[in-house]
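Heads up, the thing below is written out as structure tokens.
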Amino acid sequence: MSKLPNTILVIMGITGDLVGKKVAPALFDLYQKGELPEKFRLIGFGRKQFDAAGIRRFVTDLVLAKFPDADAGQLQAFTEMLDYQQGLFEEAASYERLKARLAQIQQPWGEANKLFYLAVPPEIYGGIFQHFQAVNLIDEHSRILVEKPFGSNAKSAQELDLLLGTLFAEERIYRIDHYLAKEMLQNILAFRFNNDLFEKSWDNQLIELIQIRLWEKIGVEHRGKFYDGVGALRDVGQNHLLQMLALVTMDYPVDFLPSALQARRTEILNQLKPLTPEQIRAQTYRAQYDGYQQIAGVAPDSQTETYFRFTTQLDSPKWAGVPVIFDGGKRLGEARKEIIITLRHPEDCNCPPGRHYRNRIIFALEPKEGIEIELWAKKPGLGNEVELRRLEFMLRQTAGRLQYIEEYQKLFIDAIRGDQTLFVSTSEVQAMWNFIDPIAAAWAQNIVPLKTYQPDTDQAPADSANII
Ligand code: BG6
């Protein structure tokens with residue numbers, strides 16, 4: 001077991017989707033690797049009736065769904081750390097019982113970190129916090145973990161922050177964007193700040209274009225109702241894609257402490273100037289795949305985009321003149337998640353007429369996970385022909401990588417240690433919404449007509465390719 005502080009993790013809404021998909025398997029895997037604190041306890045809070053054996057069975061099944069070959073002994077030992085507190089989110093007495101249970105667990109340990117993970121829709125945060133406050137549940141060892149969406153625009157995000165701020169100081173609020181915990185994205189900073197190959201001129205002198213993509217093959221799955229109220233731009237554009245931009249363009253931090261990294265990310269996100277209506281017309285694109293409206297939970301006349309593209313620039317002398325093209329969406333022909341950096345090459349090259357070669361650096365998350373540098377080299381032989389060569393290293397084979405588990409493990413461990421590097425600060429959230437809000441508002445007024453695309457094809461990226 002690792003030397004981490006004593007921790008009680010309280011999951012508000014343990015029977016929710018997120019727990020099965022991410023939390024339970026991530027924690028189990030940490031447990032079997034001996035990475036959880038020596039003194040660790042998990043309390044599930046929920047309205048369903050479970051006895052001790054029932055909740056253990058429930059969590060065991062969630063883990064087995066991801067790790068069918070999990071060792072029975074390990075699983076049993078893991079679920080022995082689990083407690084269940086039946087209760088209603090709106091009932092004061094339930095919180096009194098939760099408080100008593102927390103005190104009982106903590107008593108023999110002396111001190112303990114208390115992490116509250118909200119696996120419930122944001123609409124009920126307010127009620128939960130009122131009860132937390134009424135029974136005086138939160139102390140200086142308490143932290144809160146919240147999932148995106150952080151509001152649906154700048155205003156509602158601010159309201160949510162005010163609410164979180166009633167009980168928790170900013171350094172105790174852990175906002176999750178699991179992209180920050182992706183190995184490849186962490187590697188962008190490692191690549192940039194530990195190698196002098198490019199970083200000395202990582203700006204508009206060297207770089208002429210940045211493309212950031214998040215193409216998914218999967219559709220909205222069983223999340224029709226949620227997704228229809230959000231759309232692709234807010235589901236992945238406002239957060240994951242903008243964070244990818246932040247990592248690839250931010251300045252060298254003063255140090256590598258969480259506050260310095262968050263400050264650098266914020267700084268660059270604030271350089272995204274909101275697009276004007278004319279720019280929105282010319283530089284954004286939205287489309288929905290054919291058949292989307294038939295999904296359960298989706299409005300039959302839904303105007304929600306399942307694919308988007310927009311082009312912008314960072315407003316700073318360092319990045320002026322470098323277009324940044326973002327696009328992302330569901331049910332596309334291929335899963336492709338990557339950042340492509342194209343370098344300038346103003347001079348003529350010794351290449352066939354009509355060709356002009358440029359170097360590209362690709363930070364790829366899917367289908368491969370690694371960094372590629374495209375170079376041009378002379379083709380062996382009598383001629384002078386030039387051919388493409390790739391310097392690449394793969395982080396590892398993605399096949400078999402369990403979605404979300406790796407990211408959530410890092411997020412939980414960092415929240416236990418009190419490290420906010422991989423979490424999103426309130427100023428980042430605001431900066432991201434300030435940029436996205438005008439686009440989302442213009443789309444809601446149909447200023448940019450919604451197009452249609454054939455699912456499982458590359459039609460949407462192809463159709464939108466000509467926007468500037
Ligand atoms: C989530 C979105 O935040 O990110 C999903 O809500 C999307 O719609 C997912 O599928 C993509 O994450 P990943 O890790 O699969 O690239």
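Letters A, B, ... mark the chains of the structure tokens in the order given; residue numbers begin at 1 per chain; ligand numbers begin at 1, in order shown.
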So that I can check the surroundings of A:Ile128, please list as a list of chain:residue names every protein, DNA and RNA residue that reaches within 10 Å of it, counting only C-alpha atoms and ignoring chain neighbours fewer than 2 positions away.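 Near A:Ile128, the qualifying residues are A:Met12, A:Leu88, A:Phe89, A:Glu90, A:Glu91, A:Ala92, A:Tyr95, A:Leu118, A:Glu123, A:Ile124, A:Tyr125, A:Gly126, A:Gln130, A:His131, A:Phe132, A:Gln133, A:Ala134.
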Generate a file of the selected residues that holds N, CA and C atoms, formatted as a CSV table (one decimal), in the first residue's frame.
chain,number,residue,atom,x,y,z
A,12,MET,N,-21.6,10.3,-3.9
A,12,MET,CA,-23.0,10.7,-3.8
A,12,MET,C,-23.6,10.2,-5.1
A,88,LEU,N,-31.9,9.7,1.2
A,88,LEU,CA,-32.5,10.5,0.2
A,88,LEU,C,-31.7,11.8,0.1
A,89,PHE,N,-31.5,12.3,-1.1
A,89,PHE,CA,-30.7,13.5,-1.3
A,89,PHE,C,-31.4,14.7,-0.6
A,90,GLU,N,-32.8,14.6,-0.5
A,90,GLU,CA,-33.5,15.8,0.0
A,90,GLU,C,-33.9,15.6,1.5
A,91,GLU,N,-33.3,14.6,2.1
A,91,GLU,CA,-33.8,14.4,3.5
A,91,GLU,C,-32.6,14.6,4.5
A,92,ALA,N,-32.9,15.5,5.5
A,92,ALA,CA,-31.8,16.0,6.4
A,92,ALA,C,-31.3,14.8,7.2
A,95,TYR,N,-28.3,12.8,5.9
A,95,TYR,CA,-27.0,13.4,6.1
A,95,TYR,C,-26.5,13.3,7.5
A,118,LEU,N,-19.4,13.8,-6.6
A,118,LEU,CA,-20.8,13.9,-7.0
A,118,LEU,C,-21.1,13.2,-8.3
A,123,GLU,N,-28.1,19.7,-11.2
A,123,GLU,CA,-29.3,20.3,-10.7
A,123,GLU,C,-29.5,20.0,-9.2
A,124,ILE,N,-29.0,18.9,-8.8
A,124,ILE,CA,-29.2,18.6,-7.4
A,124,ILE,C,-28.0,18.9,-6.4
A,125,TYR,N,-27.0,19.5,-7.0
A,125,TYR,CA,-25.8,19.9,-6.2
A,125,TYR,C,-26.3,20.8,-5.0
A,126,GLY,N,-27.2,21.8,-5.4
A,126,GLY,CA,-27.6,22.8,-4.5
A,126,GLY,C,-28.2,22.2,-3.3
A,130,GLN,N,-26.8,22.3,0.6
A,130,GLN,CA,-27.6,22.9,1.8
A,130,GLN,C,-27.6,21.9,3.0
A,131,HIS,N,-27.7,20.6,2.6
A,131,HIS,CA,-27.8,19.6,3.7
A,131,HIS,C,-26.4,19.4,4.3
A,132,PHE,N,-25.3,19.4,3.4
A,132,PHE,CA,-24.0,19.3,4.0
A,132,PHE,C,-23.7,20.4,5.0
A,133,GLN,N,-24.2,21.6,4.6
A,133,GLN,CA,-24.0,22.8,5.5
A,133,GLN,C,-24.8,22.7,6.8
A,134,ALA,N,-26.1,22.3,6.6
A,134,ALA,CA,-27.0,22.2,7.8
A,134,ALA,C,-26.4,21.2,8.8
Using only C-alpha atoms and all ligand atoms, what does the table of chain A residues within 8 Å of ligand 1 look like, with each row giving the shortest atom pair and its distance in Å to one decimal, sorted by chain and ascending number, as CSV?
residue,atom,partner,partner_atom_place_in_ligand_line,distance
A:Lys148,CA,ligand 1,3 (O),7.4
A:Asp177,CA,ligand 1,3 (O),7.3
A:His178,CA,ligand 1,14 (O),7.0
A:Tyr179,CA,ligand 1,14 (O),6.6
A:Lys182,CA,ligand 1,14 (O),7.8
A:Leu214,CA,ligand 1,16 (O),7.3
A:Glu216,CA,ligand 1,10 (O),7.0
A:Ile218,CA,ligand 1,10 (O),7.3
A:Val220,CA,ligand 1,8 (O),6.7
A:Tyr227,CA,ligand 1,8 (O),7.7
A:Ala232,CA,ligand 1,8 (O),7.5
A:Asp235,CA,ligand 1,6 (O),5.2
A:Val236,CA,ligand 1,2 (C),5.8
A:His240,CA,ligand 1,3 (O),7.2
A:Lys330,CA,ligand 1,10 (O),7.8
A:Lys337,CA,ligand 1,16 (O),7.3
A:Gln403,CA,ligand 1,14 (O),6.2
A:Tyr404,CA,ligand 1,14 (O),6.0
Those selected residues, please, written with N, CA, C and O atoms and delivered as a compact mmCIF listing (two decimals), in the first residue's frame.
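Generated output (out-v5.txt):
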# COMPACT_ATOMS: atom_id res chain seq x y z
N LYS A 148 -17.65 17.37 -15.48
CA LYS A 148 -18.27 18.23 -16.46
C LYS A 148 -19.66 17.68 -16.79
O LYS A 148 -19.86 16.49 -16.54
N ASP A 177 -11.67 17.09 -16.03
CA ASP A 177 -11.69 16.96 -17.49
C ASP A 177 -10.73 15.81 -17.74
O ASP A 177 -9.50 15.99 -17.66
N HIS A 178 -11.25 14.63 -18.03
CA HIS A 178 -10.37 13.46 -18.04
C HIS A 178 -9.29 13.54 -19.14
O HIS A 178 -8.31 12.83 -19.10
N TYR A 179 -9.47 14.48 -20.11
CA TYR A 179 -8.43 14.61 -21.13
C TYR A 179 -7.11 15.07 -20.53
O TYR A 179 -6.04 14.68 -21.00
N LYS A 182 -4.92 12.26 -19.70
CA LYS A 182 -4.52 11.30 -20.74
C LYS A 182 -3.00 11.31 -20.89
O LYS A 182 -2.38 12.38 -20.96
N LEU A 214 -11.19 15.56 -32.71
CA LEU A 214 -11.69 14.50 -31.82
C LEU A 214 -12.82 13.79 -32.58
O LEU A 214 -13.99 14.12 -32.43
N GLU A 216 -14.97 10.64 -33.36
CA GLU A 216 -15.35 9.37 -32.72
C GLU A 216 -16.15 8.51 -33.68
O GLU A 216 -16.92 9.03 -34.49
N ILE A 218 -18.03 6.07 -32.26
CA ILE A 218 -19.24 5.77 -31.47
C ILE A 218 -20.28 6.88 -31.64
O ILE A 218 -19.95 8.01 -31.98
N VAL A 220 -24.12 8.43 -29.75
CA VAL A 220 -24.41 8.97 -28.41
C VAL A 220 -24.77 7.85 -27.43
O VAL A 220 -25.03 8.10 -26.26
N TYR A 227 -27.29 14.13 -24.21
CA TYR A 227 -26.52 14.65 -25.34
C TYR A 227 -27.33 15.67 -26.13
O TYR A 227 -26.80 16.69 -26.59
N ALA A 232 -22.37 18.42 -29.59
CA ALA A 232 -20.94 18.10 -29.69
C ALA A 232 -20.04 19.26 -29.23
O ALA A 232 -19.03 19.05 -28.56
N ASP A 235 -20.14 19.28 -25.55
CA ASP A 235 -19.76 17.98 -24.97
C ASP A 235 -18.24 17.79 -25.00
O ASP A 235 -17.64 17.36 -24.02
N VAL A 236 -17.62 18.12 -26.11
CA VAL A 236 -16.16 17.92 -26.19
C VAL A 236 -15.37 19.16 -26.64
O VAL A 236 -14.18 19.25 -26.39
N HIS A 240 -12.48 19.38 -23.78
CA HIS A 240 -11.33 18.57 -24.21
C HIS A 240 -10.50 19.26 -25.31
O HIS A 240 -9.28 19.31 -25.25
N LYS A 330 -19.45 12.68 -33.63
CA LYS A 330 -19.77 11.27 -33.40
C LYS A 330 -20.21 10.59 -34.70
O LYS A 330 -20.63 11.25 -35.63
N LYS A 337 -8.14 10.99 -32.97
CA LYS A 337 -8.03 12.05 -31.97
C LYS A 337 -6.58 12.49 -31.99
O LYS A 337 -5.69 11.69 -31.69
N GLN A 403 -10.88 2.20 -21.57
CA GLN A 403 -11.28 3.58 -21.63
C GLN A 403 -11.61 4.11 -20.24
O GLN A 403 -12.31 3.43 -19.46
N TYR A 404 -11.14 5.26 -19.92
CA TYR A 404 -11.39 5.99 -18.68
C TYR A 404 -10.64 5.49 -17.45
O TYR A 404 -10.39 6.25 -16.54
Would you kindly return, as a PyMOL selection string, each protein, DNA or RNA residue with an atom no farther than 9 Å from any atom of stretch 297-312 of chain A, considering only C-alpha atoms and excluding same-chain residues fewer than 5 positions away? chain A and resi 215+219-220+222-233+237+272-273+275+279-280+283-289+292+322-332+444+446+450-451+453+460-461+464-465+467-468
List every residue of stretch 29-91 of chain A that has an atom at most 12 Å from any atom of stretch 107-111 of chain A, and for each one report the closest atom pair and its distance in Å to one decimal, counting only C-alpha atoms, with rows sorted by chain and then by increasing residue number, as a Markdown table.
| residue | atom | partner | partner_atom | distance |
| --- | --- | --- | --- | --- |
| A:Glu38 | CA | A:Trp109 | CA | 11.0 |
| A:Lys39 | CA | A:Trp109 | CA | 7.9 |
| A:Phe40 | CA | A:Trp109 | CA | 10.2 |
| A:Arg41 | CA | A:Trp109 | CA | 11.3 |
Residues from last step as file, all heavy atoms, as a PDB file, in the first residue's frame:
ATOM      1  N   GLU A  38      -3.220   3.324   2.624  1.00  0.00           N
ATOM      2  CA  GLU A  38      -3.315   2.173   3.524  1.00  0.00           C
ATOM      3  C   GLU A  38      -4.645   2.197   4.273  1.00  0.00           C
ATOM      4  O   GLU A  38      -5.307   1.184   4.443  1.00  0.00           O
ATOM      5  CB  GLU A  38      -2.156   2.266   4.497  1.00  0.00           C
ATOM      6  CG  GLU A  38      -1.864   0.999   5.217  1.00  0.00           C
ATOM      7  CD  GLU A  38      -0.709   1.218   6.171  1.00  0.00           C
ATOM      8  OE1 GLU A  38       0.246   1.948   5.802  1.00  0.00           O
ATOM      9  OE2 GLU A  38      -0.779   0.677   7.280  1.00  0.00           O
ATOM     10  N   LYS A  39      -5.015   3.396   4.695  1.00  0.00           N
ATOM     11  CA  LYS A  39      -6.323   3.538   5.355  1.00  0.00           C
ATOM     12  C   LYS A  39      -7.265   4.204   4.368  1.00  0.00           C
ATOM     13  O   LYS A  39      -7.181   5.411   4.133  1.00  0.00           O
ATOM     14  CB  LYS A  39      -6.177   4.365   6.624  1.00  0.00           C
ATOM     15  CG  LYS A  39      -5.385   3.650   7.704  1.00  0.00           C
ATOM     16  CD  LYS A  39      -5.649   4.261   9.058  1.00  0.00           C
ATOM     17  CE  LYS A  39      -5.123   3.435  10.206  1.00  0.00           C
ATOM     18  NZ  LYS A  39      -3.715   3.026  10.055  1.00  0.00           N
ATOM     19  N   PHE A  40      -8.117   3.391   3.790  1.00  0.00           N
ATOM     20  CA  PHE A  40      -9.006   3.888   2.747  1.00  0.00           C
ATOM     21  C   PHE A  40     -10.383   3.270   2.938  1.00  0.00           C
ATOM     22  O   PHE A  40     -10.505   2.083   3.214  1.00  0.00           O
ATOM     23  CB  PHE A  40      -8.464   3.509   1.368  1.00  0.00           C
ATOM     24  CG  PHE A  40      -9.319   3.975   0.243  1.00  0.00           C
ATOM     25  CD1 PHE A  40      -9.281   5.302  -0.177  1.00  0.00           C
ATOM     26  CD2 PHE A  40     -10.190   3.102  -0.410  1.00  0.00           C
ATOM     27  CE1 PHE A  40     -10.087   5.744  -1.219  1.00  0.00           C
ATOM     28  CE2 PHE A  40     -10.996   3.536  -1.453  1.00  0.00           C
ATOM     29  CZ  PHE A  40     -10.939   4.864  -1.855  1.00  0.00           C
ATOM     30  N   ARG A  41     -11.381   4.068   2.775  1.00  0.00           N
ATOM     31  CA  ARG A  41     -12.755   3.590   2.925  1.00  0.00           C
ATOM     32  C   ARG A  41     -13.618   4.262   1.869  1.00  0.00           C
ATOM     33  O   ARG A  41     -13.430   5.445   1.573  1.00  0.00           O
ATOM     34  CB  ARG A  41     -13.194   4.051   4.302  1.00  0.00           C
ATOM     35  CG  ARG A  41     -14.103   3.214   5.113  1.00  0.00           C
ATOM     36  CD  ARG A  41     -13.679   1.871   5.363  1.00  0.00           C
ATOM     37  NE  ARG A  41     -14.889   1.141   5.692  1.00  0.00           N
ATOM     38  CZ  ARG A  41     -14.930  -0.014   6.286  1.00  0.00           C
ATOM     39  NH1 ARG A  41     -13.806  -0.629   6.589  1.00  0.00           N
ATOM     40  NH2 ARG A  41     -16.062  -0.592   6.562  1.00  0.00           N
TER      41      ARG A  41
END
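Using only C-alpha atoms, the shortest contact distance between A:Asp414 and any of A:Ala52, A:Ile8, A:Leu145, A:Ala65 is found at A:Leu145.
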Residues of stretch 112-293 of chain A in strand (DSSP E or B) according to DSSP, as a short mmCIF file (atom, residue, chain, number, x, y, z; two decimals) with N, CA, C and O atoms, in the first residue's frame?
data_model
loop_
_atom_site.label_atom_id
_atom_site.label_comp_id
_atom_site.auth_asym_id
_atom_site.auth_seq_id
_atom_site.Cartn_x
_atom_site.Cartn_y
_atom_site.Cartn_z
N ASN A 113 -8.71 12.55 5.16
CA ASN A 113 -9.21 13.32 4.02
C ASN A 113 -10.61 12.85 3.72
O ASN A 113 -10.84 11.64 3.72
N LYS A 114 -11.48 13.78 3.40
CA LYS A 114 -12.80 13.32 2.95
C LYS A 114 -13.04 13.86 1.55
O LYS A 114 -13.02 15.06 1.33
N LEU A 115 -13.17 12.94 0.61
CA LEU A 115 -13.41 13.35 -0.77
C LEU A 115 -14.86 13.08 -1.10
O LEU A 115 -15.31 11.94 -0.98
N PHE A 116 -15.56 14.10 -1.53
CA PHE A 116 -16.96 13.91 -1.92
C PHE A 116 -17.02 13.94 -3.45
O PHE A 116 -16.68 14.95 -4.07
N TYR A 117 -17.41 12.82 -4.02
CA TYR A 117 -17.50 12.73 -5.48
C TYR A 117 -18.98 12.77 -5.85
O TYR A 117 -19.76 11.92 -5.39
N LEU A 118 -19.36 13.76 -6.64
CA LEU A 118 -20.77 13.92 -6.98
C LEU A 118 -21.08 13.21 -8.29
O LEU A 118 -20.78 13.71 -9.37
N SER A 142 -11.92 18.37 3.83
CA SER A 142 -12.88 17.90 2.82
C SER A 142 -12.56 18.49 1.45
O SER A 142 -12.19 19.66 1.34
N ARG A 143 -12.73 17.68 0.41
CA ARG A 143 -12.56 18.16 -0.97
C ARG A 143 -13.75 17.67 -1.78
O ARG A 143 -14.34 16.66 -1.44
N ILE A 144 -14.00 18.36 -2.88
CA ILE A 144 -15.11 17.92 -3.71
C ILE A 144 -14.63 17.68 -5.14
O ILE A 144 -13.82 18.43 -5.67
N LEU A 145 -15.13 16.59 -5.71
CA LEU A 145 -14.80 16.25 -7.10
C LEU A 145 -16.05 16.39 -7.94
O LEU A 145 -17.06 15.74 -7.63
N VAL A 146 -15.98 17.23 -8.96
CA VAL A 146 -17.16 17.39 -9.83
C VAL A 146 -16.82 17.08 -11.27
O VAL A 146 -15.71 17.32 -11.73
N GLU A 147 -17.82 16.57 -11.96
CA GLU A 147 -17.66 16.18 -13.36
C GLU A 147 -18.16 17.30 -14.26
O GLU A 147 -19.05 18.05 -13.88
N ILE A 173 -11.66 22.35 -4.67
CA ILE A 173 -12.61 21.95 -5.72
C ILE A 173 -11.82 21.30 -6.85
O ILE A 173 -10.92 21.91 -7.43
N TYR A 174 -12.17 20.09 -7.18
CA TYR A 174 -11.46 19.32 -8.21
C TYR A 174 -12.43 19.08 -9.38
O TYR A 174 -13.29 18.22 -9.31
N ARG A 175 -12.26 19.92 -10.43
CA ARG A 175 -13.15 19.79 -11.60
C ARG A 175 -12.48 18.85 -12.60
O ARG A 175 -11.34 19.10 -13.04
N ILE A 176 -13.21 17.82 -12.97
CA ILE A 176 -12.61 16.77 -13.81
C ILE A 176 -12.79 17.05 -15.30
O ILE A 176 -13.90 17.25 -15.78
N ILE A 207 5.58 27.77 -36.78
CA ILE A 207 4.34 26.99 -37.01
C ILE A 207 3.38 27.78 -37.89
O ILE A 207 3.18 28.98 -37.68
N GLU A 208 2.78 27.08 -38.87
CA GLU A 208 1.82 27.82 -39.70
C GLU A 208 0.37 27.39 -39.50
O GLU A 208 -0.54 28.09 -39.89
N LEU A 209 0.16 26.23 -38.89
CA LEU A 209 -1.23 25.77 -38.73
C LEU A 209 -1.30 24.78 -37.57
O LEU A 209 -0.40 23.95 -37.39
N ILE A 210 -2.40 24.86 -36.82
CA ILE A 210 -2.65 23.87 -35.75
C ILE A 210 -4.04 23.27 -36.00
O ILE A 210 -5.01 24.01 -36.15
N GLN A 211 -4.10 21.95 -36.07
CA GLN A 211 -5.40 21.28 -36.23
C GLN A 211 -5.64 20.37 -35.02
O GLN A 211 -4.73 19.61 -34.64
N ILE A 212 -6.81 20.47 -34.46
CA ILE A 212 -7.12 19.68 -33.26
C ILE A 212 -8.41 18.92 -33.52
O ILE A 212 -9.44 19.52 -33.84
N ARG A 213 -8.33 17.61 -33.45
CA ARG A 213 -9.50 16.79 -33.83
C ARG A 213 -9.90 15.81 -32.75
O ARG A 213 -9.04 15.26 -32.06
N LEU A 214 -11.19 15.56 -32.71
CA LEU A 214 -11.69 14.50 -31.82
C LEU A 214 -12.82 13.79 -32.58
O LEU A 214 -13.99 14.12 -32.43
N TRP A 215 -12.42 12.93 -33.47
CA TRP A 215 -13.41 12.20 -34.28
C TRP A 215 -13.70 10.87 -33.60
O TRP A 215 -12.78 10.10 -33.33
N LEU A 272 -8.12 33.37 -26.61
CA LEU A 272 -9.14 33.04 -27.60
C LEU A 272 -10.18 34.15 -27.56
O LEU A 272 -10.94 34.26 -26.60
N THR A 284 -17.47 28.74 -38.86
CA THR A 284 -17.97 27.60 -38.07
C THR A 284 -18.91 26.75 -38.92
O THR A 284 -19.49 27.23 -39.90
N TYR A 285 -19.06 25.52 -38.51
CA TYR A 285 -19.85 24.55 -39.28
C TYR A 285 -20.47 23.59 -38.29
O TYR A 285 -19.82 23.21 -37.30
N ARG A 286 -21.69 23.20 -38.50
CA ARG A 286 -22.30 22.21 -37.60
C ARG A 286 -23.18 21.26 -38.40
O ARG A 286 -23.77 21.65 -39.41
N ALA A 287 -23.23 20.03 -37.97
CA ALA A 287 -24.01 19.04 -38.72
C ALA A 287 -24.49 17.94 -37.77
O ALA A 287 -23.96 17.78 -36.67
N GLN A 288 -25.51 17.24 -38.24
CA GLN A 288 -26.10 16.16 -37.45
C GLN A 288 -26.17 14.92 -38.32
O GLN A 288 -26.47 15.02 -39.51
N TYR A 289 -25.90 13.76 -37.75
CA TYR A 289 -25.93 12.58 -38.61
C TYR A 289 -27.35 12.09 -38.85
O TYR A 289 -28.23 12.24 -38.00
#
Give me the residues near A:Phe50 as a VMD selection string, where near means some atom within 10 Å (using only C-alpha atoms) and where sequence neighbours in that chain fewer than 5 positions away do not count. chain A and resid 55 to 58 84 to 86
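One distance worth recording is that between atom CA of A:Pro258 and atom CA of A:Phe423, which is 8.8 Å.
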Need to verify the contact set: stretch 358-373 of chain A, 6 Å, only C-alpha atoms, exclusion of same-chain residues closer than 2 positions in sequence. Can you return it as a PyMOL selection string? chain A and resi 336-343+345+375+390-395
Could you save those same residues with N, CA, C and O atoms as a PDB file, in the first residue's frame?
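Final output, again.pdb:
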ATOM      1  N   ARG A 336     -10.357   9.234 -34.710  1.00  0.00           N
ATOM      2  CA  ARG A 336      -9.085   9.926 -34.911  1.00  0.00           C
ATOM      3  C   ARG A 336      -9.046  11.081 -33.920  1.00  0.00           C
ATOM      4  O   ARG A 336      -9.864  11.998 -33.981  1.00  0.00           O
ATOM      5  N   LYS A 337      -8.139  10.992 -32.973  1.00  0.00           N
ATOM      6  CA  LYS A 337      -8.028  12.053 -31.970  1.00  0.00           C
ATOM      7  C   LYS A 337      -6.581  12.493 -31.985  1.00  0.00           C
ATOM      8  O   LYS A 337      -5.690  11.691 -31.695  1.00  0.00           O
ATOM      9  N   GLU A 338      -6.352  13.745 -32.371  1.00  0.00           N
ATOM     10  CA  GLU A 338      -4.962  14.145 -32.574  1.00  0.00           C
ATOM     11  C   GLU A 338      -4.810  15.654 -32.673  1.00  0.00           C
ATOM     12  O   GLU A 338      -5.787  16.377 -32.873  1.00  0.00           O
ATOM     13  N   ILE A 339      -3.568  16.076 -32.503  1.00  0.00           N
ATOM     14  CA  ILE A 339      -3.210  17.478 -32.753  1.00  0.00           C
ATOM     15  C   ILE A 339      -2.137  17.445 -33.845  1.00  0.00           C
ATOM     16  O   ILE A 339      -1.133  16.738 -33.705  1.00  0.00           O
ATOM     17  N   ILE A 340      -2.392  18.176 -34.914  1.00  0.00           N
ATOM     18  CA  ILE A 340      -1.394  18.212 -35.997  1.00  0.00           C
ATOM     19  C   ILE A 340      -0.806  19.625 -36.079  1.00  0.00           C
ATOM     20  O   ILE A 340      -1.540  20.598 -36.242  1.00  0.00           O
ATOM     21  N   ILE A 341       0.488  19.700 -35.950  1.00  0.00           N
ATOM     22  CA  ILE A 341       1.191  20.978 -36.036  1.00  0.00           C
ATOM     23  C   ILE A 341       1.914  20.991 -37.379  1.00  0.00           C
ATOM     24  O   ILE A 341       2.753  20.121 -37.639  1.00  0.00           O
ATOM     25  N   THR A 342       1.579  21.950 -38.217  1.00  0.00           N
ATOM     26  CA  THR A 342       2.266  22.041 -39.513  1.00  0.00           C
ATOM     27  C   THR A 342       3.280  23.180 -39.447  1.00  0.00           C
ATOM     28  O   THR A 342       2.942  24.301 -39.055  1.00  0.00           O
ATOM     29  N   LEU A 343       4.503  22.874 -39.816  1.00  0.00           N
ATOM     30  CA  LEU A 343       5.564  23.886 -39.745  1.00  0.00           C
ATOM     31  C   LEU A 343       5.650  24.665 -41.061  1.00  0.00           C
ATOM     32  O   LEU A 343       5.317  24.149 -42.126  1.00  0.00           O
ATOM     33  N   HIS A 345       7.351  26.463 -44.266  1.00  0.00           N
ATOM     34  CA  HIS A 345       8.499  26.181 -45.115  1.00  0.00           C
ATOM     35  C   HIS A 345       8.449  27.134 -46.294  1.00  0.00           C
ATOM     36  O   HIS A 345       8.047  26.778 -47.404  1.00  0.00           O
ATOM     37  N   LEU A 375       9.229  14.022 -41.770  1.00  0.00           N
ATOM     38  CA  LEU A 375      10.406  14.669 -42.363  1.00  0.00           C
ATOM     39  C   LEU A 375      10.496  14.273 -43.829  1.00  0.00           C
ATOM     40  O   LEU A 375       9.957  13.245 -44.241  1.00  0.00           O
ATOM     41  N   ARG A 390       9.154   9.076 -41.456  1.00  0.00           N
ATOM     42  CA  ARG A 390       8.527   9.402 -40.176  1.00  0.00           C
ATOM     43  C   ARG A 390       9.418   9.017 -39.015  1.00  0.00           C
ATOM     44  O   ARG A 390       9.883   7.883 -38.944  1.00  0.00           O
ATOM     45  N   LEU A 391       9.627   9.974 -38.123  1.00  0.00           N
ATOM     46  CA  LEU A 391      10.245   9.627 -36.845  1.00  0.00           C
ATOM     47  C   LEU A 391       9.072   9.468 -35.902  1.00  0.00           C
ATOM     48  O   LEU A 391       8.274  10.393 -35.753  1.00  0.00           O
ATOM     49  N   GLU A 392       8.956   8.327 -35.315  1.00  0.00           N
ATOM     50  CA  GLU A 392       7.787   8.211 -34.443  1.00  0.00           C
ATOM     51  C   GLU A 392       8.098   7.351 -33.237  1.00  0.00           C
ATOM     52  O   GLU A 392       8.976   6.489 -33.290  1.00  0.00           O
ATOM     53  N   PHE A 393       7.420   7.654 -32.172  1.00  0.00           N
ATOM     54  CA  PHE A 393       7.453   6.692 -31.087  1.00  0.00           C
ATOM     55  C   PHE A 393       6.056   6.528 -30.553  1.00  0.00           C
ATOM     56  O   PHE A 393       5.296   7.479 -30.429  1.00  0.00           O
ATOM     57  N   MET A 394       5.717   5.279 -30.328  1.00  0.00           N
ATOM     58  CA  MET A 394       4.396   4.977 -29.812  1.00  0.00           C
ATOM     59  C   MET A 394       4.516   4.852 -28.298  1.00  0.00           C
ATOM     60  O   MET A 394       5.466   4.258 -27.802  1.00  0.00           O
ATOM     61  N   LEU A 395       3.577   5.422 -27.590  1.00  0.00           N
ATOM     62  CA  LEU A 395       3.627   5.285 -26.133  1.00  0.00           C
ATOM     63  C   LEU A 395       3.442   3.831 -25.764  1.00  0.00           C
ATOM     64  O   LEU A 395       4.040   3.307 -24.864  1.00  0.00           O
TER      65      LEU A 395
END
Residues near A:Gln186, anyone? I mean within 12 Å using only C-alpha atoms, not counting same-chain ones fewer than 3 positions away, as a PyMOL selection string. chain A and resi 178-183+189-193+243-244+246-248+261+363+365+370+395+407+410+421-422
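Restricting the calculation to only C-alpha atoms, the smallest distance between A:Asn270 and any of A:Thr457, A:Thr60, A:Gln420, A:Asn434 is found for A:Asn434.
For the atom pair formed by atom CA of A:Leu137 and atom CA of A:Lys99, the distance is 6.1 Å, given to one decimal.
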Per DSSP on the backbone, filter stretch 239-455 of chain A down to the residues in helix (DSSP H, G or I) and report them as a ChimeraX atom specification. /A:239-249,258-269,277-283,292-294,405-417,426-444
Separation of atom CA of A:Leu241 from atom CA of A:Ala296, in Å and rounded to one decimal: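 So the answer is 27.2 Å.
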Contact residues around A:Gly20 with only C-alpha atoms at 12 Å, ignoring same-chain residues under 4 positions, as number ranges by chain: A: 11, 13-16, 24-28, 58-67, 119, 404-405
